[in-house]
Amino acid sequence: MFSENANRIFDRCVADYHLCDDVDRAAENPFDDPFDRLLYAKCWIDAVQWHLEDIIRDPAIDPVEALAIKRRIDRSNQERTDMVEYIDSFLMERFRETPPRDDARINTETPAWAVDRLSILSLKIWHMRCETERAEVGDDHRAACLSKLDVLLEQRRDLSRSIDELLDDIAAGRKRMKTYKQMKMYNDPALNPVLYGSK
């Protein structure tokens, strides 16, 4: 199943990231299959951004450093969006020979945006599991985190099944795959009034 493979890759990526736990470390992608490499690279972007979001919340952070990290997060968000759109392009090519039926419906999100949520879930699960294993916390904290971990694992099962069903529907022509560029405006000097107003 598609989601089983994706979850395996995401879990591997998250584990690999935490071997170095360094936001400046480049990924060493272990996969040969082009699509598997793409999923791993996507999850690495998510892992780095997750930890940048942690760093920027340090109340003692130097404001200049915080601004640099915020700009880095903005760039990462754009890379993440570009990667999701690339995954959708890959999937559209895979289903190119499958014409949708006349009554085919469009899903609320593309497969790759659902896969994006699956990648983020792998990070949430990793970090919540770490919270359940912290030696210095009390029983109440551990119990609360175990309960949250159960919810995250259930969410991953449900989302995985939904992604597999969506891809089955597209392959059978029951759903029509259609993508739109996100058209993020804040990074575009021609569309962000703060940027074009400063010229």
# chains A, B, ... in the order shown; residues from 1 in each chain; ligands from 1
call {"tool": "select_by_dssp", "arguments": {"residues": "stretch 4-199 of chain A", "states": "strand (DSSP E)", "output": "list in words"}}
result
Arg105, Ile106, Lys175 and Arg176 of chain A
call {"tool": "residues_around", "arguments": {"residues": "stretch 15-30 of chain A", "least_positions_apart": "4", "cutoff": "12 Å", "atoms": "only C-alpha atoms", "output": "MDAnalysis selection string"}}
result
chainID A and resid 8:11 34:55 69 72:73 76 122:123 125:127 130
call {"tool": "write_last_selection", "arguments": {"atoms": "N, CA and C atoms", "output": "tab-separated table (two decimals), in the first residue's frame"}}
result
chain	number	residue	atom	x	y	z
A	8	ARG	N	6.77	4.32	6.32
A	8	ARG	CA	8.08	3.70	6.56
A	8	ARG	C	9.20	4.69	6.23
A	9	ILE	N	9.06	5.39	5.12
A	9	ILE	CA	10.07	6.37	4.71
A	9	ILE	C	10.09	7.55	5.68
A	10	PHE	N	8.93	8.05	6.07
A	10	PHE	CA	8.88	9.18	6.98
A	10	PHE	C	9.48	8.83	8.34
A	11	ASP	N	9.13	7.64	8.86
A	11	ASP	CA	9.69	7.22	10.15
A	11	ASP	C	11.21	7.08	10.07
A	34	PRO	N	13.18	6.93	-7.26
A	34	PRO	CA	12.98	8.39	-7.34
A	34	PRO	C	11.84	8.90	-6.47
A	35	PHE	N	10.74	8.17	-6.41
A	35	PHE	CA	9.61	8.65	-5.61
A	35	PHE	C	9.91	8.51	-4.12
A	36	ASP	N	10.55	7.42	-3.72
A	36	ASP	CA	10.94	7.26	-2.32
A	36	ASP	C	11.92	8.36	-1.90
A	37	ARG	N	12.84	8.69	-2.78
A	37	ARG	CA	13.78	9.78	-2.49
A	37	ARG	C	13.03	11.09	-2.30
A	38	LEU	N	12.02	11.31	-3.11
A	38	LEU	CA	11.22	12.52	-3.02
A	38	LEU	C	10.50	12.61	-1.68
A	39	LEU	N	9.91	11.50	-1.24
A	39	LEU	CA	9.22	11.49	0.05
A	39	LEU	C	10.19	11.73	1.20
A	40	TYR	N	11.36	11.13	1.12
A	40	TYR	CA	12.37	11.32	2.17
A	40	TYR	C	12.81	12.78	2.23
A	41	ALA	N	13.07	13.37	1.06
A	41	ALA	CA	13.50	14.77	1.01
A	41	ALA	C	12.42	15.69	1.56
A	42	LYS	N	11.17	15.38	1.25
A	42	LYS	CA	10.04	16.17	1.77
A	42	LYS	C	10.03	16.12	3.30
A	43	CYS	N	10.16	14.93	3.86
A	43	CYS	CA	10.11	14.78	5.31
A	43	CYS	C	11.30	15.45	5.98
A	44	TRP	N	12.46	15.45	5.32
A	44	TRP	CA	13.63	16.12	5.90
A	44	TRP	C	13.38	17.62	6.03
A	45	ILE	N	12.77	18.21	5.01
A	45	ILE	CA	12.39	19.62	5.09
A	45	ILE	C	11.49	19.85	6.30
A	46	ASP	N	10.51	18.97	6.49
A	46	ASP	CA	9.59	19.10	7.62
A	46	ASP	C	10.31	18.97	8.95
A	47	ALA	N	11.26	18.03	9.04
A	47	ALA	CA	11.99	17.81	10.29
A	47	ALA	C	12.83	19.04	10.65
A	48	VAL	N	13.53	19.59	9.67
A	48	VAL	CA	14.34	20.78	9.93
A	48	VAL	C	13.44	21.94	10.35
A	49	GLN	N	12.34	22.11	9.63
A	49	GLN	CA	11.46	23.24	9.96
A	49	GLN	C	10.84	23.07	11.34
A	50	TRP	N	10.49	21.85	11.71
A	50	TRP	CA	9.94	21.58	13.04
A	50	TRP	C	10.89	22.12	14.11
A	51	HIS	N	12.18	21.82	13.93
A	51	HIS	CA	13.16	22.21	14.95
A	51	HIS	C	13.51	23.69	14.88
A	52	LEU	N	13.43	24.28	13.71
A	52	LEU	CA	13.56	25.74	13.62
A	52	LEU	C	12.42	26.43	14.39
A	53	GLU	N	11.22	25.86	14.26
A	53	GLU	CA	10.07	26.43	15.00
A	53	GLU	C	10.28	26.32	16.51
A	54	ASP	N	10.93	25.24	16.97
A	54	ASP	CA	11.27	25.13	18.39
A	54	ASP	C	12.28	26.20	18.80
A	55	ILE	N	13.33	26.34	18.01
A	55	ILE	CA	14.41	27.26	18.33
A	55	ILE	C	13.91	28.70	18.43
A	69	ILE	N	16.10	33.32	11.59
A	69	ILE	CA	15.41	32.03	11.60
A	69	ILE	C	14.02	32.17	10.99
A	72	ARG	N	14.37	32.10	7.42
A	72	ARG	CA	14.69	30.72	7.01
A	72	ARG	C	13.43	29.87	7.01
A	73	ILE	N	12.56	30.04	7.98
A	73	ILE	CA	11.29	29.30	8.03
A	73	ILE	C	10.43	29.66	6.82
A	76	SER	N	11.77	27.83	3.96
A	76	SER	CA	11.44	26.41	4.13
A	76	SER	C	9.99	26.14	3.75
A	122	SER	N	4.30	12.04	11.37
A	122	SER	CA	5.44	11.21	11.78
A	122	SER	C	6.30	11.97	12.79
A	123	LEU	N	6.44	13.28	12.59
A	123	LEU	CA	7.19	14.10	13.53
A	123	LEU	C	6.45	14.25	14.86
A	125	ILE	N	4.36	12.17	16.16
A	125	ILE	CA	4.41	10.87	16.85
A	125	ILE	C	5.78	10.67	17.49
A	126	TRP	N	6.84	10.98	16.77
A	126	TRP	CA	8.19	10.82	17.31
A	126	TRP	C	8.34	11.65	18.60
A	127	HIS	N	7.95	12.92	18.51
A	127	HIS	CA	8.18	13.81	19.63
A	127	HIS	C	7.25	13.51	20.81
A	130	CYS	N	8.69	10.60	22.59
A	130	CYS	CA	9.81	11.05	23.43
A	130	CYS	C	9.31	11.63	24.75
call {"tool": "select_by_dssp", "arguments": {"residues": "stretch 70-199 of chain A", "states": "helix (DSSP H, G or I)", "output": "NGL selection string"}}
result
:A and (70-94 or 111-132 or 139-171 or 193-196)
call {"tool": "atom_distance", "arguments": {"atom1": "atom CA of A:Met1", "atom2": "atom CA of A:Met177"}}
result
18.9 Å
call {"tool": "closest_atom_pairs", "arguments": {"of": "stretch 71-164 of chain A", "to": "stretch 184-197 of chain A", "cutoff": "9 Å", "atoms": "only C-alpha atoms", "output": "Markdown table"}}
result
| residue | atom | partner | partner_atom | distance |
| --- | --- | --- | --- | --- |
| A:Asp74 | CA | A:Asn187 | CA | 7.8 |
| A:Arg75 | CA | A:Asn187 | CA | 8.3 |
| A:Gln78 | CA | A:Lys184 | CA | 8.0 |
| A:Thr81 | CA | A:Lys184 | CA | 8.9 |
call {"tool": "closest_residue", "arguments": {"among": "A:Arg176, A:Arg71, A:Arg94, A:Lys148", "to": "A:Glu131", "atoms": "only C-alpha atoms"}}
result
A:Lys148
call {"tool": "atom_distance", "arguments": {"atom1": "atom CA of A:Lys124", "atom2": "atom CA of A:Ala144"}}
result
14.5 Å
call {"tool": "closest_residue", "arguments": {"among": "A:Leu121, A:Val84, A:Leu91, A:Ile106", "to": "A:Arg157", "atoms": "only C-alpha atoms"}}
result
A:Leu121
call {"tool": "atom_distance", "arguments": {"atom1": "atom CA of A:Cys13", "atom2": "atom CA of A:Ser119"}}
result
9.6 Å
